[in-house]
>>> print(open('start19.csv').read())   # CSV, C-alpha atoms (C1' of nucleotides)
chain,number,residue,atom,x,y,z
A,132,MET,CA,27.3,0.0,55.2
A,133,ALA,CA,27.9,-0.3,51.5
A,134,GLY,CA,25.3,0.9,49.1
A,135,VAL,CA,21.9,-0.8,49.2
A,136,ARG,CA,19.4,-1.6,46.5
A,137,LEU,CA,15.9,-1.7,47.9
A,138,ALA,CA,12.8,-2.7,46.0
A,139,THR,CA,9.1,-3.0,46.6
A,140,TRP,CA,6.7,-5.1,44.6
A,141,ASN,CA,3.1,-6.0,44.9
A,142,VAL,CA,3.3,-9.4,43.1
A,143,ASN,CA,-0.5,-10.2,43.2
A,144,SER,CA,0.1,-13.8,44.4
A,145,ALA,CA,3.7,-15.0,44.8
A,146,LYS,CA,2.6,-18.4,43.6
A,147,ALA,CA,1.2,-17.1,40.4
A,148,ARG,CA,4.4,-15.0,40.0
A,149,GLU,CA,6.7,-17.9,40.7
A,150,PRO,CA,7.9,-18.1,37.1
A,151,ARG,CA,8.9,-14.5,37.2
A,152,LEU,CA,9.9,-13.7,40.7
A,153,LEU,CA,13.2,-15.5,41.0
A,154,GLY,CA,14.3,-14.4,37.6
A,155,TRP,CA,13.5,-10.9,38.5
A,156,LEU,CA,15.6,-11.2,41.7
A,157,ASP,CA,18.5,-12.5,39.6
A,158,ASP,CA,18.2,-9.7,37.0
A,159,ARG,CA,17.8,-6.8,39.4
A,160,ALA,CA,19.8,-8.1,42.3
A,161,PRO,CA,18.0,-6.1,45.0
A,162,ASP,CA,19.5,-6.4,48.6
A,163,VAL,CA,16.2,-5.7,50.3
A,164,VAL,CA,12.8,-6.5,48.9
A,165,CYS,CA,9.3,-5.7,50.2
A,166,LEU,CA,6.6,-7.9,48.8
A,167,GLN,CA,2.9,-7.5,49.0
A,168,GLU,CA,-0.1,-9.7,48.2
A,169,THR,CA,1.8,-12.9,48.4
A,170,LYS,CA,-1.5,-14.6,49.1
A,171,LEU,CA,0.2,-17.5,50.8
A,172,SER,CA,0.5,-18.9,54.2
A,173,ASP,CA,3.9,-18.8,55.8
A,174,GLU,CA,4.3,-22.5,55.2
A,175,ALA,CA,3.3,-22.3,51.6
A,176,PHE,CA,5.7,-19.4,50.9
A,177,ASP,CA,8.5,-21.3,52.5
A,178,GLU,CA,7.6,-24.4,50.6
A,179,SER,CA,7.8,-22.6,47.2
A,180,PHE,CA,10.5,-20.0,47.9
A,181,GLY,CA,12.5,-21.0,51.0
A,182,ALA,CA,15.2,-23.0,49.3
A,183,PRO,CA,15.6,-20.8,46.2
A,184,LEU,CA,15.8,-17.7,48.2
A,185,ALA,CA,18.3,-19.2,50.7
A,186,GLU,CA,20.4,-20.2,47.7
A,187,ARG,CA,20.5,-16.6,46.6
A,188,GLY,CA,21.5,-15.4,50.1
A,189,TYR,CA,18.2,-14.0,51.2
A,190,ALA,CA,16.9,-14.2,54.7
A,191,VAL,CA,13.0,-14.1,54.7
A,192,ALA,CA,10.4,-12.7,56.9
A,193,HIS,CA,7.0,-13.7,55.5
A,194,HIS,CA,3.7,-12.7,57.2
A,195,GLY,CA,0.8,-14.4,55.5
A,196,GLU,CA,-2.7,-15.7,56.1
A,197,GLY,CA,-3.3,-17.7,53.0
A,198,ARG,CA,-5.9,-16.6,50.5
A,199,TRP,CA,-5.7,-12.8,50.9
A,200,ASN,CA,-3.0,-10.2,51.7
A,201,GLY,CA,0.4,-11.4,52.8
A,202,VAL,CA,3.6,-9.4,53.0
A,203,ALA,CA,7.2,-10.3,53.1
A,204,LEU,CA,10.7,-8.9,53.5
A,205,LEU,CA,13.7,-10.5,51.7
A,206,SER,CA,17.2,-9.3,52.7
A,207,ARG,CA,20.7,-10.3,52.0
A,208,VAL,CA,22.1,-7.5,54.2
A,209,GLY,CA,20.7,-8.8,57.5
A,210,LEU,CA,17.2,-9.3,58.8
A,211,ASP,CA,16.8,-8.7,62.5
A,212,ASP,CA,14.2,-7.8,65.0
A,213,VAL,CA,11.2,-8.9,62.9
A,214,THR,CA,7.8,-7.6,63.9
A,215,GLU,CA,4.8,-9.2,62.1
A,216,GLY,CA,1.7,-7.0,61.7
A,217,LEU,CA,1.2,-3.5,62.9
A,218,PRO,CA,0.7,-3.3,66.6
A,219,GLY,CA,-2.2,-1.2,67.4
A,220,ALA,CA,-3.8,-1.5,64.0
A,221,PRO,CA,-7.5,-2.2,63.5
A,222,GLY,CA,-8.7,-5.5,62.1
A,223,TYR,CA,-11.4,-6.3,59.6
A,224,PRO,CA,-12.7,-7.6,61.9
A,225,HIS,CA,-9.5,-9.6,62.7
A,226,GLN,CA,-5.9,-8.6,62.2
A,227,GLU,CA,-4.8,-9.1,58.7
A,228,ALA,CA,-1.4,-9.8,57.2
A,229,ARG,CA,-0.6,-6.3,55.9
A,230,ALA,CA,2.7,-5.3,57.5
A,231,VAL,CA,6.0,-6.8,58.4
A,232,THR,CA,9.0,-4.9,59.8
A,233,ALA,CA,12.7,-5.8,60.2
A,234,THR,CA,16.1,-4.2,60.4
A,235,CYS,CA,18.1,-4.7,57.2
A,236,GLY,CA,21.4,-3.1,56.6
A,237,GLY,CA,20.8,-0.4,59.2
A,238,LEU,CA,17.4,0.4,57.8
A,239,ARG,CA,14.2,-0.2,59.8
A,240,VAL,CA,12.1,-1.5,56.9
A,241,THR,CA,8.4,-2.1,56.8
A,242,SER,CA,6.6,-3.8,53.9
A,243,VAL,CA,3.0,-2.6,53.9
A,244,TYR,CA,-0.1,-3.5,52.1
A,245,VAL,CA,-2.6,-0.8,52.9
A,246,PRO,CA,-6.3,-1.8,52.8
A,247,ASN,CA,-7.9,-1.0,49.5
A,248,GLY,CA,-11.0,0.8,50.9
A,249,ARG,CA,-13.2,-0.6,48.1
A,250,ASP,CA,-15.5,2.4,48.0
A,251,PRO,CA,-15.9,5.7,49.9
A,252,GLY,CA,-18.6,4.9,52.4
A,253,ASP,CA,-17.8,1.2,52.6
A,254,PRO,CA,-16.8,0.1,56.1
A,255,HIS,CA,-13.5,-1.0,54.4
A,256,TYR,CA,-12.8,2.6,53.6
A,257,ALA,CA,-13.1,3.6,57.3
A,258,TYR,CA,-10.9,0.7,58.1
A,259,LYS,CA,-8.3,1.9,55.6
A,260,LEU,CA,-8.2,5.3,57.3
A,261,GLU,CA,-7.9,3.8,60.8
A,262,TRP,CA,-5.1,1.5,59.6
A,263,LEU,CA,-3.2,4.4,58.1
A,264,ALA,CA,-3.5,6.3,61.4
A,265,ALA,CA,-2.1,3.3,63.2
A,266,LEU,CA,0.8,3.2,60.8
A,267,ARG,CA,1.5,6.9,61.3
A,268,ASP,CA,1.5,6.3,65.1
A,269,ARG,CA,4.0,3.5,64.8
A,270,VAL,CA,6.4,5.5,62.6
A,271,GLU,CA,6.2,8.4,65.0
A,272,ALA,CA,6.8,6.3,68.0
A,273,ALA,CA,9.8,4.5,66.4
A,274,GLY,CA,11.2,7.6,64.8
A,275,ALA,CA,11.3,8.2,61.1
A,276,ASP,CA,15.1,8.8,60.6
A,277,ASP,CA,16.1,5.2,59.9
A,278,ALA,CA,12.7,4.1,58.6
A,279,VAL,CA,11.7,2.8,55.2
A,280,VAL,CA,8.0,2.2,54.7
A,281,ALA,CA,7.4,0.7,51.3
A,282,GLY,CA,4.6,-1.0,49.6
A,283,ASP,CA,1.2,-0.8,48.1
A,284,PHE,CA,-0.5,2.2,49.8
A,285,ASN,CA,-3.6,2.1,47.6
A,286,ILE,CA,-3.4,5.9,47.6
A,287,ALA,CA,-2.4,8.2,44.7
A,288,PRO,CA,-0.8,11.0,46.7
A,289,ALA,CA,-1.8,13.8,44.3
A,290,ASP,CA,-3.6,14.4,41.0
A,291,PRO,CA,-0.5,13.8,38.8
A,292,ASP,CA,-0.4,10.3,40.3
A,293,VAL,CA,-3.4,9.2,38.3
A,294,TYR,CA,-3.7,9.1,34.5
A,295,SER,CA,-7.1,10.9,34.6
A,296,VAL,CA,-8.6,12.7,37.5
A,297,GLU,CA,-12.0,12.3,35.9
A,298,ALA,CA,-11.7,8.5,35.7
A,299,PHE,CA,-11.3,8.3,39.5
A,300,ALA,CA,-14.0,10.8,40.5
A,301,GLU,CA,-16.1,9.2,43.3
A,302,SER,CA,-13.4,6.5,43.7
A,303,THR,CA,-11.1,5.6,46.5
A,304,HIS,CA,-7.3,6.1,46.3
A,305,VAL,CA,-7.7,9.9,45.6
A,306,THR,CA,-10.1,11.2,48.2
A,307,PRO,CA,-9.0,14.0,50.5
A,308,PRO,CA,-9.2,11.9,53.7
A,309,GLU,CA,-6.9,9.3,52.2
A,310,ARG,CA,-4.5,11.9,51.0
A,311,GLU,CA,-4.6,13.6,54.3
A,312,ALA,CA,-3.8,10.3,56.1
A,313,LEU,CA,-0.8,9.9,53.8
A,314,ALA,CA,0.3,13.5,54.4
A,315,ALA,CA,0.1,12.9,58.2
A,316,LEU,CA,2.3,9.9,57.7
A,317,LEU,CA,4.8,11.9,55.7
A,318,LYS,CA,4.7,14.6,58.4
A,319,THR,CA,6.5,12.2,60.8
A,320,GLY,CA,9.6,12.9,58.7
A,321,LEU,CA,9.2,10.4,55.8
A,322,HIS,CA,10.0,11.4,52.2
A,323,ASP,CA,8.3,10.2,49.1
A,324,VAL,CA,11.5,9.5,47.2
A,325,THR,CA,9.8,8.7,43.9
A,326,ARG,CA,8.2,12.1,43.8
A,327,GLU,CA,11.5,13.7,44.9
A,328,ARG,CA,13.2,12.0,42.0
A,329,TRP,CA,10.5,13.1,39.5
A,330,PRO,CA,8.9,16.2,40.9
A,331,ASP,CA,6.5,16.7,37.9
A,332,GLU,CA,6.4,13.6,35.7
A,333,LYS,CA,3.5,11.2,35.6
A,334,VAL,CA,5.1,8.0,36.8
A,335,PHE,CA,2.9,5.1,37.5
A,336,THR,CA,3.3,1.8,39.3
A,337,TYR,CA,0.0,0.1,38.8
A,338,TRP,CA,-2.1,-0.5,35.7
A,339,ASP,CA,-5.4,-2.4,35.6
A,340,TYR,CA,-5.2,-5.7,33.7
A,341,ARG,CA,-8.3,-4.6,31.8
A,342,GLY,CA,-8.6,-2.7,28.6
A,343,GLY,CA,-5.0,-2.5,27.6
A,344,ALA,CA,-4.4,0.0,30.5
A,345,PHE,CA,-0.7,-0.7,30.6
A,346,HIS,CA,-0.2,-0.3,26.9
A,347,GLN,CA,-1.9,3.1,27.0
A,348,ASP,CA,-0.3,4.1,30.3
A,349,ARG,CA,-3.6,4.5,32.1
A,350,GLY,CA,-2.1,3.9,35.5
A,351,MET,CA,-1.7,5.2,39.0
A,352,ARG,CA,1.2,5.7,41.3
A,353,ILE,CA,0.1,3.9,44.5
A,354,ASP,CA,3.3,1.9,45.3
A,355,LEU,CA,5.4,4.2,47.4
A,356,VAL,CA,8.8,4.1,49.0
A,357,LEU,CA,8.9,6.4,52.0
A,358,THR,CA,12.1,7.0,53.8
A,359,GLY,CA,13.5,9.1,56.6
A,360,GLY,CA,15.5,12.2,55.7
A,361,PRO,CA,19.0,10.8,56.2
A,362,ILE,CA,18.1,7.9,53.9
A,363,ALA,CA,16.4,10.0,51.3
A,364,SER,CA,19.6,12.1,51.1
A,365,ARG,CA,21.5,8.9,50.1
A,366,ARG,CA,19.3,8.3,47.1
A,367,ALA,CA,21.5,7.5,44.1
A,368,ALA,CA,18.9,6.2,41.7
A,369,LEU,CA,15.3,5.3,41.6
A,370,TRP,CA,13.2,3.8,38.9
A,371,ILE,CA,10.0,2.0,38.3
A,372,ASP,CA,10.7,-1.4,36.7
A,373,ARG,CA,8.2,-1.4,33.9
A,374,GLN,CA,9.8,-4.4,32.3
A,375,ALA,CA,8.3,-6.5,35.1
A,376,ARG,CA,4.8,-5.3,34.0
A,377,LYS,CA,5.4,-6.5,30.4
A,378,GLY,CA,5.3,-9.9,28.8
A,379,SER,CA,3.3,-12.9,29.9
A,380,GLY,CA,1.9,-13.4,33.3
A,381,PRO,CA,2.8,-10.1,35.0
A,382,SER,CA,1.6,-8.6,38.2
A,383,ASP,CA,-0.6,-5.6,37.7
A,384,HIS,CA,2.0,-3.7,39.7
A,385,ALA,CA,5.5,-2.8,38.7
A,386,PRO,CA,8.4,-2.8,41.2
A,387,VAL,CA,9.9,0.4,42.5
A,388,ILE,CA,13.7,0.1,43.0
A,389,LEU,CA,15.8,2.5,45.1
A,390,ASP,CA,19.6,2.6,45.1
A,391,LEU,CA,21.1,4.2,48.2
A,392,ASP,CA,24.7,5.3,48.4
A,393,GLU,CA,26.6,3.9,51.3
A,394,ALA,CA,25.9,5.7,54.6
A,395,PRO,CA,28.4,8.3,55.6
A,396,ASP,CA,30.9,7.2,58.3
A,397,GLY,CA,30.3,8.5,61.8
A,398,ASP,CA,27.7,11.0,62.6
A,399,ILE,CA,25.0,11.8,60.1
A,400,GLY,CA,24.9,15.5,60.9
A,401,PRO,CA,23.9,18.5,58.8
A,402,VAL,CA,26.2,19.4,56.0
A,403,VAL,CA,28.1,22.5,57.0
A,404,PRO,CA,28.3,24.9,54.2
A,405,PRO,CA,31.8,26.2,53.1
A,406,PRO,CA,32.7,29.5,54.8
A,407,SER,CA,32.4,31.4,51.6
A,408,LEU,CA,28.8,30.4,51.3
A,409,GLY,CA,28.1,30.2,55.0
A,410,ALA,CA,26.5,32.1,57.7
A,411,LYS,CA,26.8,35.9,57.8
A,412,LYS,CA,27.8,36.0,61.4
A,413,GLY,CA,31.3,34.6,61.0
A,414,GLY,CA,32.0,31.9,63.5
A,415,SER,CA,30.5,29.0,61.6
A,416,ARG,CA,30.3,25.5,63.2
A,417,ALA,CA,33.0,24.3,60.8
A,418,LYS,CA,35.6,26.5,62.7
A,419,LYS,CA,34.9,24.9,66.0
A,420,ALA,CA,36.6,21.7,65.1
B,42,DA,C1',-21.9,-1.3,32.1
B,43,DT,C1',-16.9,-3.0,32.9
B,44,DG,C1',-11.6,-5.6,26.6
B,45,DT,C1',-8.6,-9.1,33.4
B,46,DC,C1',-6.5,-11.8,36.8
B,47,DC,C1',-6.3,-14.4,41.1
B,48,DA,C1',-7.8,-17.9,44.7
B,49,DC,C1',-11.1,-20.9,46.4
B,50,DA,C1',-14.5,-24.5,46.5
B,51,DA,C1',-15.1,-28.1,43.9
B,52,DC,C1',-15.3,-30.0,39.1
B,53,DA,C1',-18.3,-26.3,36.2
B,54,DT,C1',-18.3,-22.4,36.8
B,55,DG,C1',-19.6,-18.9,40.3
B,56,DT,C1',-18.0,-15.8,43.9
B,57,DG,C1',-15.3,-12.3,46.1
B,58,DG,C1',-11.6,-9.2,45.8
B,59,DA,C1',-8.6,-6.0,43.4
>>> encode(input="start19.csv", output="structure tokens")
Amino acid sequence: MAGVRLATWNVNSAKAREPRLLGWLDDRAPDVVCLQETKLSDEAFDESFGAPLAERGYAVAHHGEGRWNGVALLSRVGLDDVTEGLPGAPGYPHQEARAVTATCGGLRVTSVYVPNGRDPGDPHYAYKLEWLAALRDRVEAAGADDAVVAGDFNIAPADPDVYSVEAFAESTHVTPPEREALAALLKTGLHDVTRERWPDEKVFTYWDYRGGAFHQDRGMRIDLVLTGGPIASRRAALWIDRQARKGSGPSDHAPVILDLDEAPDGDIGPVVPPPSLGAKKGGSRAKKA
DNA sequence: ATGTCCACAACATGTGGA
């Protein structure tokens, strides 16, 4: 498989973003796109975007419910074995359109829109934690190696992922149980590739519409790209597309874009160190061949 | 308390959600 450009973007209504979405696809030319908060039924999404996406070579898996939520996968490197929703996930009270999974270019990609939680203590907060546990179970059952789980997690993984710890005291997105749920998900073998790219910097993906938050960089990093180890090791570039947050009529989220080098041929095994740097016992694995 | 936006029901603006 050649190199792949993968992106995730919470568009905060695909319909409202119609003037920008197609132009963004043309400019950035991603091969695989995870969308969240399309806020459209499958029929309405197809009505607005089916033809222009097909023109651009994208296959589409949209999982929507209309007014709220709604996720999609766009791919021009194949789109197979689509699973809508998250089997085993709780509802609120009914199942919501918060996940869609497909195999694209050898990657098992899931676009996720994790419940917001609203407020610690709110039933929606408990729902959020249960939903995350179900997501973890799914990734563990399927195996993390070929997995990409990308989307709006509504969790800032650590304190550097918010502009002000004080501003989020008593709020969701930063509470220990949420962060522990995310850590449990990562423990299945997923890597937070944005944080690996920038170990220390404050890099945000979401800024409230209010109060000039974007202009003053009062943001949060809550849109994550999580990949299995073999995929993370193919990371060639990663950036947060702040341009998409500028200008008129933006989403309140910026896309995250990940470029992967082409997969190595044959086995994806451990790299064997050269003998001069290698094991102390002689007989390295490299000699067996 | 809240410098915004989005969708909906329904026609003016309120409501719920983020």
>>> closest_atom_pairs(input="start19.csv", of="chain B", to="chain A", cutoff="12 Å", atoms="only C-alpha atoms (C1' of nucleotides)", output="JSON lines")
{"residue": "B:DT43", "atom": "C1'", "partner": "A:Arg341", "partner_atom": "CA", "distance": 8.8}
{"residue": "B:DG44", "atom": "C1'", "partner": "A:Gly342", "partner_atom": "CA", "distance": 4.6}
{"residue": "B:DT45", "atom": "C1'", "partner": "A:Arg341", "partner_atom": "CA", "distance": 4.8}
{"residue": "B:DC46", "atom": "C1'", "partner": "A:Tyr340", "partner_atom": "CA", "distance": 7.0}
{"residue": "B:DC47", "atom": "C1'", "partner": "A:Ser144", "partner_atom": "CA", "distance": 7.2}
{"residue": "B:DA48", "atom": "C1'", "partner": "A:Arg198", "partner_atom": "CA", "distance": 6.2}
{"residue": "B:DC49", "atom": "C1'", "partner": "A:Arg198", "partner_atom": "CA", "distance": 7.9}
{"residue": "B:DG57", "atom": "C1'", "partner": "A:Trp199", "partner_atom": "CA", "distance": 10.7}
{"residue": "B:DG58", "atom": "C1'", "partner": "A:Trp199", "partner_atom": "CA", "distance": 8.6}
{"residue": "B:DA59", "atom": "C1'", "partner": "A:Asn247", "partner_atom": "CA", "distance": 7.9}
>>> closest_residue(input="start19.csv", among="A:Ser295, A:Ser379, A:Ser206, A:Gln347", to="A:Arg151", atoms="all atoms listed in the file")
A:Ser379
>>> atom_distance(input="start19.csv", atom1="atom CA of A:Arg349", atom2="atom CA of A:Asp250")
20.0 Å
>>> atom_distance(input="start19.csv", atom1="atom CA of A:Glu327", atom2="atom CA of A:Glu271")
21.5 Å
>>> residues_around(input="start19.csv", residues="A:Ala190", least_positions_apart="4", cutoff="10 Å", atoms="only C-alpha atoms (C1' of nucleotides)", output="PyMOL selection string")
chain A and resi 163+181+184-186+204-211+235
>>> atom_distance(input="start19.csv", atom1="atom CA of A:Leu137", atom2="atom CA of A:Gly222")
28.7 Å
>>> residues_around(input="start19.csv", residues="A:Ala192", least_positions_apart="3", cutoff="10 Å", atoms="all atoms listed in the file", output="count of residues only")
18
>>> closest_residue(input="start19.csv", among="A:Leu238, A:His193, A:Gln226, A:Asn285", to="A:Glu178", atoms="all atoms listed in the file")
A:His193
>>> residues_near_point(input="start19.csv", point="(7.8, 9.9, 45.3)", cutoff="12 Å", atoms="all atoms listed in the file", output="PyMOL selection string")
chain A and resi 281+287-289+291-292+317+321-336+352-358+363+366+369-371+387-389
>>> closest_residue(input="start19.csv", among="A:Leu166, A:Ala160, A:Val305, A:Ala175", to="A:Pro251", atoms="only C-alpha atoms")
A:Val305
>>> decode(input="start19.csv", residues="stretch 375-388 of chain A", atoms="C-alpha atoms", output="PDB file, in the first residue's frame")
ATOM      1  CA  ALA A 375      -9.880  25.157   8.580  1.00  0.00           C
ATOM      2  CA  ARG A 376     -10.784  26.888  11.860  1.00  0.00           C
ATOM      3  CA  LYS A 377     -10.254  30.364  10.353  1.00  0.00           C
ATOM      4  CA  GLY A 378     -12.377  32.543   8.137  1.00  0.00           C
ATOM      5  CA  SER A 379     -16.125  32.599   7.818  1.00  0.00           C
ATOM      6  CA  GLY A 380     -18.334  29.779   8.906  1.00  0.00           C
ATOM      7  CA  PRO A 381     -15.795  27.392  10.418  1.00  0.00           C
ATOM      8  CA  SER A 382     -16.477  24.391  12.594  1.00  0.00           C
ATOM      9  CA  ASP A 383     -15.351  24.889  16.178  1.00  0.00           C
ATOM     10  CA  HIS A 384     -12.982  21.937  15.620  1.00  0.00           C
ATOM     11  CA  ALA A 385      -9.922  21.815  13.377  1.00  0.00           C
ATOM     12  CA  PRO A 386      -9.048  18.669  11.422  1.00  0.00           C
ATOM     13  CA  VAL A 387      -6.118  16.486  12.424  1.00  0.00           C
ATOM     14  CA  ILE A 388      -4.222  15.111   9.434  1.00  0.00           C
TER      15      ILE A 388
END
